[in-house]
Structures are given as structure tokens and as C-alpha cells.
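S.K.: Compact mmCIF, C-alpha atoms, file query18.txt:
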# COMPACT_ATOMS: atom_id res chain seq x y z
CA MET B 1 68.63 2.65 -48.37
CA THR B 2 70.39 -0.66 -48.05
CA THR B 3 73.90 -0.67 -46.76
CA GLY B 4 75.33 -3.64 -48.58
CA ASN B 5 78.74 -5.22 -48.29
CA THR B 6 80.68 -5.09 -51.53
CA HIS B 7 83.41 -7.62 -52.19
CA THR B 8 85.52 -7.48 -55.28
CA ILE B 9 86.02 -10.99 -56.53
CA GLU B 10 88.27 -10.59 -59.54
CA SER B 11 89.21 -8.34 -62.41
CA LEU B 12 90.54 -8.53 -65.96
CA ARG B 13 92.38 -5.91 -68.01
CA ILE B 14 92.24 -6.65 -71.70
CA GLN B 15 92.79 -4.94 -75.05
CA SER B 16 89.83 -3.71 -77.09
CA ARG B 17 89.99 -6.37 -79.80
CA THR B 18 87.03 -8.34 -81.10
CA GLU B 19 89.13 -11.53 -81.17
CA LEU B 20 89.36 -11.23 -77.37
CA LEU B 21 85.57 -11.15 -76.89
CA SER B 22 85.57 -14.90 -76.26
CA ASP B 23 88.13 -14.41 -73.43
CA MET B 24 85.96 -11.66 -71.90
CA ARG B 25 82.91 -13.96 -72.07
CA THR B 26 84.78 -16.88 -70.51
CA PHE B 27 86.15 -14.71 -67.69
CA VAL B 28 82.68 -13.51 -66.69
CA SER B 29 80.78 -16.76 -67.26
CA ASP B 30 83.28 -18.76 -65.16
CA ALA B 31 82.83 -16.27 -62.32
CA ALA B 32 79.03 -16.34 -62.67
CA ARG B 33 79.02 -20.14 -62.56
CA ARG B 34 81.14 -20.16 -59.38
CA PHE B 35 78.81 -17.53 -57.92
CA GLY B 36 75.99 -20.07 -58.16
CA PHE B 37 73.98 -19.10 -61.23
CA SER B 38 72.26 -21.78 -63.36
CA GLU B 39 73.58 -22.42 -66.90
CA ASN B 40 70.60 -20.50 -68.26
CA GLU B 41 71.45 -17.43 -66.17
CA VAL B 42 75.18 -17.76 -66.94
CA GLY B 43 74.27 -17.63 -70.64
CA LYS B 44 72.33 -14.38 -70.15
CA ILE B 45 75.16 -12.73 -68.20
CA GLU B 46 77.72 -13.87 -70.78
CA LEU B 47 75.71 -12.37 -73.64
CA ALA B 48 75.11 -9.06 -71.81
CA ILE B 49 78.86 -8.68 -71.15
CA ASP B 50 79.63 -9.50 -74.80
CA GLU B 51 77.20 -6.77 -75.91
CA ALA B 52 78.69 -4.20 -73.51
CA CYS B 53 82.28 -4.96 -74.56
CA THR B 54 81.34 -5.03 -78.27
CA ASN B 55 79.85 -1.54 -77.90
CA ILE B 56 83.03 -0.31 -76.19
CA ILE B 57 85.24 -1.75 -78.96
CA LYS B 58 82.99 -0.36 -81.71
CA HIS B 59 81.81 2.98 -80.37
CA ALA B 60 84.15 4.04 -77.53
CA TYR B 61 87.40 2.92 -79.18
CA LYS B 62 86.21 2.91 -82.83
CA PHE B 63 88.00 -0.44 -83.33
CA ASN B 64 91.35 0.94 -82.12
CA PRO B 65 92.89 -2.33 -80.84
CA ASP B 66 95.12 -0.60 -78.28
CA GLY B 67 92.32 0.60 -76.01
CA ILE B 68 92.02 -0.99 -72.58
CA ILE B 69 88.88 -2.58 -71.21
CA GLU B 70 88.77 -3.41 -67.53
CA ILE B 71 86.18 -5.80 -66.17
CA ARG B 72 85.69 -5.93 -62.40
CA ILE B 73 83.42 -8.44 -60.76
CA SER B 74 82.10 -7.98 -57.24
CA SER B 75 79.30 -9.20 -55.06
CA GLN B 76 76.93 -7.12 -52.98
CA LYS B 77 75.01 -8.57 -50.13
CA GLY B 78 72.40 -6.46 -48.37
CA ASP B 79 70.28 -7.38 -45.38
CA SER B 80 67.00 -6.96 -47.17
CA SER B 81 68.02 -7.09 -50.83
CA PRO B 82 69.04 -10.03 -53.00
CA THR B 83 72.69 -11.01 -53.37
CA LYS B 84 73.95 -9.19 -56.44
CA PHE B 85 76.53 -10.23 -59.01
CA VAL B 86 77.99 -6.91 -60.14
CA VAL B 87 80.06 -6.46 -63.30
CA ASP B 88 81.69 -3.05 -63.78
CA ILE B 89 83.31 -2.43 -67.14
CA TYR B 90 85.63 0.55 -67.63
CA ASP B 91 87.06 2.14 -70.75
CA SER B 92 88.83 5.38 -71.66
CA GLY B 93 87.26 5.90 -75.07
CA ILE B 94 84.49 8.16 -76.34
CA SER B 95 81.65 8.48 -73.81
CA PHE B 96 78.19 7.13 -74.46
CA ASP B 97 75.51 9.63 -73.46
CA SER B 98 72.80 7.38 -72.12
CA SER B 99 70.53 10.38 -71.42
CA LYS B 100 70.12 10.81 -75.18
CA TYR B 101 69.29 7.16 -75.71
CA THR B 102 65.76 5.95 -76.25
CA ALA B 103 65.08 2.27 -76.72
CA PRO B 104 63.80 1.46 -80.22
CA ASP B 105 60.23 0.31 -80.73
CA MET B 106 60.92 -3.12 -82.25
CA LYS B 107 57.88 -2.97 -84.56
CA GLU B 108 59.22 0.28 -86.05
CA TYR B 109 62.72 -1.17 -86.07
CA PHE B 110 61.64 -4.07 -88.27
CA LYS B 111 59.40 -1.94 -90.45
CA LYS B 112 62.33 0.30 -91.28
CA LEU B 113 64.66 -2.71 -91.56
CA ARG B 114 67.29 -1.13 -89.36
CA HIS B 115 70.37 -2.90 -88.17
CA GLY B 116 72.65 -2.24 -85.23
CA GLY B 117 71.77 -0.79 -81.84
CA LEU B 118 70.39 -4.07 -80.53
CA GLY B 119 73.12 -4.62 -77.93
CA ILE B 120 71.75 -2.18 -75.39
CA VAL B 121 68.22 -3.55 -75.83
CA LEU B 122 69.53 -7.03 -75.07
CA MET B 123 71.58 -5.90 -72.04
CA LYS B 124 68.49 -4.35 -70.47
CA LYS B 125 66.42 -7.47 -71.10
CA LEU B 126 69.07 -9.87 -69.83
CA MET B 127 70.21 -8.06 -66.66
CA ASP B 128 68.38 -6.70 -63.60
CA GLU B 129 70.23 -3.36 -63.60
CA VAL B 130 72.18 -1.51 -66.31
CA GLU B 131 73.78 1.81 -65.43
CA TYR B 132 76.15 4.03 -67.39
CA GLY B 133 78.62 6.29 -65.62
CA HIS B 134 81.40 8.72 -66.35
CA MET B 135 84.30 9.40 -64.01
CA SER B 136 87.03 12.02 -63.92
CA GLY B 137 90.11 11.19 -65.95
CA GLN B 138 87.85 10.48 -68.93
CA GLN B 139 86.94 7.03 -67.78
CA ASN B 140 83.56 5.59 -68.73
CA SER B 141 81.86 2.84 -66.86
CA ILE B 142 78.93 0.56 -67.29
CA ARG B 143 77.55 -1.47 -64.41
CA LEU B 144 75.61 -4.65 -65.15
CA VAL B 145 73.91 -6.36 -62.23
CA LYS B 146 72.22 -9.73 -61.94
CA TYR B 147 70.39 -10.87 -58.80
CA LEU B 148 71.12 -14.33 -57.50
CA PRO B 149 67.79 -16.13 -57.06
CA SER B 150 67.36 -17.00 -53.40
CA MET J 151 91.46 -20.48 -84.30
CA SER J 152 88.27 -21.42 -86.12
CA GLU J 153 85.60 -20.22 -83.70
CA PHE J 154 83.03 -19.96 -86.42
CA SER J 155 82.44 -21.29 -89.91
CA VAL J 156 79.75 -21.16 -92.59
CA GLY J 157 79.14 -23.99 -95.03
CA ILE J 158 76.93 -23.50 -98.09
CA ARG J 159 74.83 -26.34 -99.58
CA GLN J 160 72.64 -26.08 -102.64
CA ARG J 161 69.26 -27.83 -102.43
CA ASP J 162 67.54 -27.28 -105.76
CA THR J 163 66.90 -23.52 -105.94
CA VAL J 164 67.57 -23.09 -102.23
CA SER J 165 70.89 -22.21 -100.59
CA VAL J 166 71.37 -23.65 -97.13
CA LEU J 167 73.90 -21.90 -94.89
CA ASP J 168 75.19 -24.17 -92.11
CA LEU J 169 76.49 -22.14 -89.18
CA ARG J 170 78.93 -23.68 -86.75
CA GLY J 171 80.53 -22.39 -83.54
CA TYR J 172 80.38 -18.93 -82.01
CA LEU J 173 78.87 -15.98 -83.85
CA ASP J 174 79.86 -12.62 -82.34
CA ALA J 175 81.21 -9.24 -83.46
CA HIS J 176 84.52 -10.89 -84.35
CA THR J 177 83.10 -13.66 -86.50
CA ALA J 178 80.03 -11.85 -87.97
CA PRO J 179 82.04 -10.60 -91.02
CA GLU J 180 82.41 -14.28 -92.02
CA LEU J 181 78.62 -14.63 -92.22
CA GLU J 182 78.39 -11.30 -94.04
CA LYS J 183 80.76 -12.65 -96.70
CA ALA J 184 78.65 -15.79 -97.13
CA PHE J 185 75.46 -13.75 -97.62
CA GLN J 186 77.21 -11.38 -100.00
CA LYS J 187 78.37 -14.35 -102.08
CA GLU J 188 74.79 -15.64 -102.38
CA LEU J 189 73.52 -12.21 -103.43
CA ASP J 190 76.36 -11.79 -105.94
CA GLU J 191 75.32 -15.14 -107.47
CA GLN J 192 71.70 -13.93 -107.45
CA ARG J 193 70.55 -16.68 -105.14
CA TYR J 194 67.82 -15.25 -102.97
CA ASN J 195 66.16 -18.34 -101.46
CA ILE J 196 68.22 -18.72 -98.33
CA VAL J 197 67.80 -21.08 -95.39
CA VAL J 198 70.09 -20.60 -92.40
CA ASN J 199 70.55 -23.81 -90.40
CA PHE J 200 71.63 -23.08 -86.81
CA SER J 201 71.96 -26.69 -85.58
CA ASP J 202 75.72 -26.48 -84.90
CA LEU J 203 75.73 -22.89 -83.67
CA SER J 204 76.57 -22.70 -79.96
CA TYR J 205 76.34 -18.96 -79.43
CA ILE J 206 75.00 -15.80 -81.05
CA SER J 207 75.22 -12.12 -80.08
CA SER J 208 73.38 -9.17 -81.63
CA ALA J 209 76.22 -8.81 -84.17
CA GLY J 210 74.94 -12.02 -85.80
CA LEU J 211 71.35 -10.80 -85.82
CA GLY J 212 72.59 -7.55 -87.37
CA VAL J 213 73.90 -9.47 -90.39
CA LEU J 214 70.43 -10.93 -91.04
CA MET J 215 68.93 -7.43 -90.84
CA GLN J 216 71.57 -6.14 -93.23
CA PHE J 217 70.56 -8.50 -96.06
CA ILE J 218 66.83 -9.07 -95.61
CA GLU J 219 65.77 -6.03 -97.64
CA ASP J 220 67.82 -6.94 -100.72
CA VAL J 221 66.74 -10.56 -100.54
CA ARG J 222 63.02 -9.77 -100.29
CA ARG J 223 63.20 -7.11 -103.00
CA ASN J 224 64.31 -9.94 -105.28
CA ASP J 225 61.36 -12.16 -104.29
CA GLY J 226 63.51 -14.25 -101.98
CA ASP J 227 63.57 -14.75 -98.26
CA ILE J 228 65.84 -15.69 -95.37
CA LYS J 229 64.31 -18.51 -93.33
CA LEU J 230 65.83 -19.74 -90.09
CA THR J 231 65.88 -23.33 -88.81
CA ASN J 232 67.16 -25.82 -86.20
CA MET J 233 67.91 -23.34 -83.42
CA SER J 234 68.87 -24.52 -79.97
CA HIS J 235 66.74 -23.20 -77.14
CA ARG J 236 69.52 -20.80 -76.16
CA VAL J 237 69.95 -19.31 -79.64
CA TYR J 238 66.17 -19.07 -80.17
CA ASN J 239 65.84 -17.11 -76.92
CA VAL J 240 68.05 -14.32 -78.25
CA PHE J 241 65.92 -13.99 -81.40
CA ASP J 242 62.76 -14.13 -79.33
CA LEU J 243 63.92 -11.50 -76.81
CA LEU J 244 64.37 -9.01 -79.65
CA GLY J 245 61.12 -9.90 -81.40
CA PHE J 246 62.75 -11.37 -84.52
CA PRO J 247 59.94 -13.90 -85.04
CA MET J 248 57.90 -10.84 -86.21
CA LEU J 249 60.13 -10.47 -89.26
CA TYR J 250 61.63 -13.91 -89.93
CA GLU J 251 60.03 -17.31 -90.35
CA ILE J 252 61.65 -19.73 -87.93
CA PHE J 253 61.21 -23.50 -88.44
CA PRO J 254 62.20 -26.39 -86.17
CA GLU J 255 63.53 -28.36 -89.17
CA GLU J 256 65.41 -27.35 -92.34
CA GLU J 257 63.15 -29.61 -94.40
CA GLU J 258 60.05 -27.47 -93.77
CA ALA J 259 61.80 -24.25 -94.77
CA VAL J 260 63.19 -25.77 -97.99
CA LYS J 261 59.77 -27.24 -98.85
CA LYS J 262 58.14 -23.85 -98.43
CA PHE J 263 60.55 -22.31 -100.95
CA LEU J 264 60.12 -25.18 -103.42
CA ASN J 265 56.29 -25.09 -103.22
CA LYS J 266 56.40 -21.39 -103.97
CA THR J 267 58.66 -21.97 -107.00
CA GLU J 268 56.29 -24.66 -108.33
CA LYS J 269 53.29 -22.34 -108.08
CA LEU J 270 55.11 -19.66 -110.03
CA SER J 271 56.16 -21.93 -112.89
Is it possible to express this structure as C-alpha cells?
M.R.:
Amino acid sequence: MTTGNTHTIESLRIQSRTELLSDMRTFVSDAARRFGFSENEVGKIELAIDEACTNIIKHAYKFNPDGIIEIRISSQKGDSSPTKFVVDIYDSGISFDSSKYTAPDMKEYFKKLRHGGLGIVLMKKLMDEVEYGHMSGQQNSIRLVKYLPS
Amino acid sequence: MSEFSVGIRQRDTVSVLDLRGYLDAHTAPELEKAFQKELDEQRYNIVVNFSDLSYISSAGLGVLMQFIEDVRRNDGDIKLTNMSHRVYNVFDLLGFPMLYEIFPEEEEAVKKFLNKTEKLS
């Protein structure tokens, strides 16, 4: 097990409104840029965070604009592991049970002409780690991690 | 704030939707409205030109999925053109090129619709 040093860099508390998605994206992409990611990687992180926050607004808060989303950015540096850019997003809405989630087969998805549910597929493709959590006090969390190329 | 807009041009029997700005869960209803308008007017040959679109999230892709069935049932199609590398990547990651024809230039997509119309008449 790696014992890494975690440093919180910054955090943002924001209401669960779709019109604020652009602020959430800017907050995270500015931090990712300062962290040293290329524009291409910044774009991936930005999109993954958009998808996570969109799901919270839609599914956890059911478009209630008074919910609170908290985004915390930290870095983890281990001796033998890559430097990690860690984004933790918290909400107090309805929990998402990731144990009941299975990723769609995209061929089937298109055959049945489904829509929706693509956000989580994208998050997993764009980030190195995606982990859902649930804490006491009815707080949900999702952790999105991107490794900084050495 | 106008983060996103859709313009509609008519090229013969083809409707061209010009997307501009940032397409996310907040602005996707704007695109939905534009598609709905085309369907209400029974225009099913639709080209979406992405040249001025800076950003897309899955909410935007969801709109295309929402209308493709109706459009194809009426012998039409939704063809996509002029995507930046960044926007194309999102479509590609999700496998959308399996379901949608994507062209580098609007001209090719329009021509394909018009050739099809000629053959039918």
C-alpha cells in the first residue's frame, strides 16, 4: 500500500443549478491547468466533472436548485505511484447505488436507440479512477482521479 | 448570457443546424427545441454543423439520440459535420460513429441527401 501525501488545493460550494455548470467546469479546469495538465487532458477532466455534476443535479437533487454541491480538489503524491489530481464531489441528495450499475453495451444501446446514462460511461473513459461513496449524515461522494503524466 | 445558440438554414430539402458555443445540460433544451421545430415542420433531412461549437457533454449527444428514431422512421437522417478534434473525440469515445454519419464538411452531407432525393424522384 502506498502512503501518499494528500494536499487539499481548493474547494467550491455551489448550488445545484444547470446554469452554474460552466462555473463548475471553469473552477476545475483552471486548477487542472495550474496542476500541469496539457489542454487535451484539461478538456477530459472538465468534461468528466461536468458529467458528475450533471448527474447530481438531475438524479440526486431532481433539479431542485437549492441543493449544495461541494467540489474539493487535492493532490496525492506517493513514493512509487504517479502524482494524482483528485476531485471529490459531495452532495446531500438521493444516493446513487453504483453496485447496481452495469455499463451499457454500446452496440445494444444504439440498437435500442436509448438516450441518457452516457455520463457515467464517459467519466470512466476520461478519468483513471472513478469511485462512488456514501458517508454518514446522508452525504454522497464521488471521487474522480487523473494521473499526472511523469 | 448566450452560451449556446442554434441557427437553422434551409439548403434545398435539407435543414442545416448551426451550433455555436457550449452545449451542456443547461443549454441542451435549446437544441431539443430546434429539432422539435424541424420535426413539426416535417423536415427530416437534417445536417448538424458543429464548426462553431466549442464544447459538448453527453446531454448534447442525448438530444441526437432522442430524435434519431423519429427522423429515420420518416426516411430522413441526422448527419453530423465540421467537428473540432475535441468535439469529435466525445462522439468517438461513446461509439457514435456506429450510428451517425460524420463528415468533415457540410457540403458532403448535403450532397448525400440531395443525391438520394434525385434517385427517388
S.K.: Enumerate, as a ChimeraX atom specification, the protein, DNA and RNA residues whose atoms approach (76.1, -23.5, -101.6) to within 12 Å, taking into account all atoms listed in the file and the coordinate frame of the file.
M.R.: /J:156-168,184-185,187-189,191,193-198
S.K.: With all atoms listed in the file as the basis for distance, which of B:Ile68, B:Leu113, B:Ile56, B:Ile73 is at the shortest distance from Ile218 of chain J?
M.R.: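 The answer is B:Leu113, which sits nearest to Ile218 of chain J.
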S.K.: Between B:Ser74, B:Val86, B:Ile94, B:Ile120, single out the one closest to chain J, counting all atoms listed in the file.
M.R.: B:Ile120
S.K.: Please list, as a PyMOL selection string, the residues that have an atom at most 7 Å away from (72.8, -3.1, -63.3) in the coordinates of this file, counting only C-alpha atoms.
M.R.: chain B and resi 127-131+143-146
S.K.: Filtering to C-alpha atoms, could you give me those residues as a tab-separated table (two decimals), in the frame of the given file?
M.R.:
chain	number	residue	atom	x	y	z
B	127	MET	CA	70.21	-8.06	-66.66
B	128	ASP	CA	68.38	-6.70	-63.60
B	129	GLU	CA	70.23	-3.36	-63.60
B	130	VAL	CA	72.18	-1.51	-66.31
B	131	GLU	CA	73.78	1.81	-65.43
B	143	ARG	CA	77.55	-1.47	-64.41
B	144	LEU	CA	75.61	-4.65	-65.15
B	145	VAL	CA	73.91	-6.36	-62.23
B	146	LYS	CA	72.22	-9.73	-61.94
S.K.: At most 9 Å is the cut-off: for each residue in chain J with any atom that close to an atom of chain B, write down the nearest atom pair and the distance in Å rounded to one decimal, counting all atoms listed in the file, chain first then increasing number, as CSV.
M.R.:
residue,atom,partner,partner_atom,distance
J:Tyr172,CA,B:Ser22,CA,8.7
J:Asp174,CA,B:Leu21,CA,8.0
J:Ala175,CA,B:Thr18,CA,6.3
J:His176,CA,B:Thr18,CA,4.8
J:Thr177,CA,B:Glu19,CA,8.3
J:Tyr205,CA,B:Leu47,CA,8.8
J:Ile206,CA,B:Leu47,CA,8.2
J:Ser207,CA,B:Leu47,CA,6.5
J:Ser208,CA,B:Gly119,CA,5.9
J:Ala209,CA,B:Gly116,CA,7.6
J:Leu211,CA,B:His115,CA,8.3
J:Gly212,CA,B:His115,CA,5.2
J:Val213,CA,B:His115,CA,7.8
J:Leu214,CA,B:His115,CA,8.5
J:Met215,CA,B:His115,CA,5.5
J:Gln216,CA,B:His115,CA,6.1
J:Ile218,CA,B:Leu113,CA,7.8
J:Glu219,CA,B:Leu113,CA,7.0
J:Arg236,CA,B:Gly43,CA,7.9
J:Val240,CA,B:Leu122,CA,8.1
J:Leu243,CA,B:Leu122,CA,7.4
J:Leu244,CA,B:Leu122,CA,7.2
J:Gly245,CA,B:Met106,CA,6.8
J:Phe246,CA,B:Phe110,CA,8.3
J:Met248,CA,B:Phe110,CA,8.0
J:Leu249,CA,B:Phe110,CA,6.6
S.K.: For a quick check of understanding, using only C-alpha atoms, which of J:Lys269, J:Lys261, J:Arg170, J:Arg223 has the smallest distance to Gln192 of chain J?
M.R.: J:Arg223
S.K.: Rounded to one decimal in Å, what is the spacing between atom CA of Phe85 of chain B and atom CA of Ala60 of chain B?
M.R.: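 Distance reported for this atom pair: 24.6 Å.
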S.K.: Would you compute the distance between atom CA of Gln186 of chain J and atom CA of Ile252 of chain J? Give it in Å to one decimal.
M.R.: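 Spanning atom CA of Gln186 of chain J to atom CA of Ile252 of chain J is a straight-line distance of 21.4 Å.
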S.K.: To one decimal place, how far is atom CA of Val260 of chain J from atom CA of Thr231 of chain J in Å?
M.R.: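 Value for the atom CA of Val260 of chain J-atom CA of Thr231 of chain J distance: 9.9 Å.
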S.K.: Which residue, J:Pro247, J:Asp242, J:Ile228, J:Val221, has the smallest gap to Ala259 of chain J when you use all atoms listed in the file?
M.R.: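 The shortest atom-to-atom distance to Ala259 of chain J comes from J:Ile228.
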S.K.: Of the residues J:Leu264, J:Glu251, J:Val237, J:Gly171, which is the one nearest to Leu203 of chain J, using all atoms listed in the file?
M.R.: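 Smallest separation from Leu203 of chain J among the options: J:Gly171.
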S.K.: Near Gly137 of chain B, counting only C-alpha atoms, which residues have an atom at most 12 Å away, once you skip same-chain residues fewer than 5 positions from it, shown as an NGL selection string?
M.R.: :B and (90-93 or 95)
S.K.: So, counting only C-alpha atoms, which residue among B:Ser38, B:Asn5, B:Asn140, B:Ser16 is closest to Lys84 of chain B?
M.R.: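 The closest residue to Lys84 of chain B is B:Asn5.
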S.K.: Taking N, CA, C and O atoms as the atom set, what does segment 208-228 of chain J look like once completed, written as a PDB file, keeping the file's coordinate frame?
M.R.:
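Full text of selection-v2.pdb as output:
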ATOM      1  N   SER J 208      74.173 -10.022 -80.735  1.00  0.00           N
ATOM      2  CA  SER J 208      73.380  -9.170 -81.630  1.00  0.00           C
ATOM      3  C   SER J 208      74.127  -8.869 -82.938  1.00  0.00           C
ATOM      4  O   SER J 208      73.502  -8.513 -83.940  1.00  0.00           O
ATOM      5  N   ALA J 209      75.460  -9.031 -82.930  1.00  0.00           N
ATOM      6  CA  ALA J 209      76.220  -8.810 -84.170  1.00  0.00           C
ATOM      7  C   ALA J 209      75.753  -9.792 -85.258  1.00  0.00           C
ATOM      8  O   ALA J 209      75.675  -9.438 -86.438  1.00  0.00           O
ATOM      9  N   GLY J 210      75.432 -11.007 -84.856  1.00  0.00           N
ATOM     10  CA  GLY J 210      74.940 -12.020 -85.800  1.00  0.00           C
ATOM     11  C   GLY J 210      73.554 -11.670 -86.314  1.00  0.00           C
ATOM     12  O   GLY J 210      73.255 -11.808 -87.504  1.00  0.00           O
ATOM     13  N   LEU J 211      72.705 -11.183 -85.419  1.00  0.00           N
ATOM     14  CA  LEU J 211      71.350 -10.800 -85.820  1.00  0.00           C
ATOM     15  C   LEU J 211      71.406  -9.591 -86.757  1.00  0.00           C
ATOM     16  O   LEU J 211      70.596  -9.459 -87.670  1.00  0.00           O
ATOM     17  N   GLY J 212      72.399  -8.726 -86.520  1.00  0.00           N
ATOM     18  CA  GLY J 212      72.590  -7.550 -87.370  1.00  0.00           C
ATOM     19  C   GLY J 212      72.861  -7.925 -88.815  1.00  0.00           C
ATOM     20  O   GLY J 212      72.412  -7.248 -89.739  1.00  0.00           O
ATOM     21  N   VAL J 213      73.589  -9.030 -89.013  1.00  0.00           N
ATOM     22  CA  VAL J 213      73.900  -9.470 -90.390  1.00  0.00           C
ATOM     23  C   VAL J 213      72.598  -9.861 -91.108  1.00  0.00           C
ATOM     24  O   VAL J 213      72.397  -9.512 -92.277  1.00  0.00           O
ATOM     25  N   LEU J 214      71.707 -10.543 -90.410  1.00  0.00           N
ATOM     26  CA  LEU J 214      70.430 -10.930 -91.040  1.00  0.00           C
ATOM     27  C   LEU J 214      69.628  -9.688 -91.423  1.00  0.00           C
ATOM     28  O   LEU J 214      69.013  -9.644 -92.494  1.00  0.00           O
ATOM     29  N   MET J 215      69.658  -8.669 -90.547  1.00  0.00           N
ATOM     30  CA  MET J 215      68.930  -7.430 -90.840  1.00  0.00           C
ATOM     31  C   MET J 215      69.532  -6.707 -92.045  1.00  0.00           C
ATOM     32  O   MET J 215      68.824  -6.089 -92.834  1.00  0.00           O
ATOM     33  N   GLN J 216      70.843  -6.823 -92.168  1.00  0.00           N
ATOM     34  CA  GLN J 216      71.570  -6.140 -93.230  1.00  0.00           C
ATOM     35  C   GLN J 216      71.153  -6.637 -94.625  1.00  0.00           C
ATOM     36  O   GLN J 216      71.152  -5.872 -95.580  1.00  0.00           O
ATOM     37  N   PHE J 217      70.815  -7.926 -94.738  1.00  0.00           N
ATOM     38  CA  PHE J 217      70.560  -8.500 -96.060  1.00  0.00           C
ATOM     39  C   PHE J 217      69.087  -8.745 -96.394  1.00  0.00           C
ATOM     40  O   PHE J 217      68.744  -8.998 -97.538  1.00  0.00           O
ATOM     41  N   ILE J 218      68.212  -8.659 -95.381  1.00  0.00           N
ATOM     42  CA  ILE J 218      66.830  -9.070 -95.610  1.00  0.00           C
ATOM     43  C   ILE J 218      66.121  -8.209 -96.674  1.00  0.00           C
ATOM     44  O   ILE J 218      65.342  -8.715 -97.486  1.00  0.00           O
ATOM     45  N   GLU J 219      66.441  -6.927 -96.701  1.00  0.00           N
ATOM     46  CA  GLU J 219      65.770  -6.030 -97.640  1.00  0.00           C
ATOM     47  C   GLU J 219      66.099  -6.405 -99.091  1.00  0.00           C
ATOM     48  O   GLU J 219      65.197  -6.570 -99.919  1.00  0.00           O
ATOM     49  N   ASP J 220      67.382  -6.563 -99.371  1.00  0.00           N
ATOM     50  CA  ASP J 220      67.820  -6.940-100.720  1.00  0.00           C
ATOM     51  C   ASP J 220      67.226  -8.266-101.147  1.00  0.00           C
ATOM     52  O   ASP J 220      66.776  -8.433-102.284  1.00  0.00           O
ATOM     53  N   VAL J 221      67.237  -9.221-100.232  1.00  0.00           N
ATOM     54  CA  VAL J 221      66.740 -10.560-100.540  1.00  0.00           C
ATOM     55  C   VAL J 221      65.248 -10.525-100.875  1.00  0.00           C
ATOM     56  O   VAL J 221      64.801 -11.085-101.875  1.00  0.00           O
ATOM     57  N   ARG J 222      64.475  -9.815-100.057  1.00  0.00           N
ATOM     58  CA  ARG J 222      63.020  -9.770-100.290  1.00  0.00           C
ATOM     59  C   ARG J 222      62.659  -8.943-101.517  1.00  0.00           C
ATOM     60  O   ARG J 222      61.691  -9.241-102.201  1.00  0.00           O
ATOM     61  N   ARG J 223      63.446  -7.924-101.800  1.00  0.00           N
ATOM     62  CA  ARG J 223      63.200  -7.110-103.000  1.00  0.00           C
ATOM     63  C   ARG J 223      63.342  -7.971-104.258  1.00  0.00           C
ATOM     64  O   ARG J 223      62.754  -7.693-105.288  1.00  0.00           O
ATOM     65  N   ASN J 224      64.122  -9.026-104.147  1.00  0.00           N
ATOM     66  CA  ASN J 224      64.310  -9.940-105.280  1.00  0.00           C
ATOM     67  C   ASN J 224      63.458 -11.202-105.139  1.00  0.00           C
ATOM     68  O   ASN J 224      63.834 -12.274-105.621  1.00  0.00           O
ATOM     69  N   ASP J 225      62.320 -11.059-104.465  1.00  0.00           N
ATOM     70  CA  ASP J 225      61.360 -12.160-104.290  1.00  0.00           C
ATOM     71  C   ASP J 225      61.909 -13.359-103.534  1.00  0.00           C
ATOM     72  O   ASP J 225      61.402 -14.474-103.683  1.00  0.00           O
ATOM     73  N   GLY J 226      62.974 -13.149-102.784  1.00  0.00           N
ATOM     74  CA  GLY J 226      63.510 -14.250-101.980  1.00  0.00           C
ATOM     75  C   GLY J 226      63.154 -14.074-100.524  1.00  0.00           C
ATOM     76  O   GLY J 226      62.317 -13.242-100.171  1.00  0.00           O
ATOM     77  N   ASP J 227      63.775 -14.884 -99.700  1.00  0.00           N
ATOM     78  CA  ASP J 227      63.570 -14.750 -98.260  1.00  0.00           C
ATOM     79  C   ASP J 227      64.746 -15.394 -97.522  1.00  0.00           C
ATOM     80  O   ASP J 227      65.500 -16.183 -98.104  1.00  0.00           O
ATOM     81  N   ILE J 228      64.884 -15.023 -96.253  1.00  0.00           N
ATOM     82  CA  ILE J 228      65.840 -15.690 -95.370  1.00  0.00           C
ATOM     83  C   ILE J 228      65.006 -16.407 -94.314  1.00  0.00           C
ATOM     84  O   ILE J 228      64.266 -15.766 -93.568  1.00  0.00           O
TER      85      ILE J 228
END
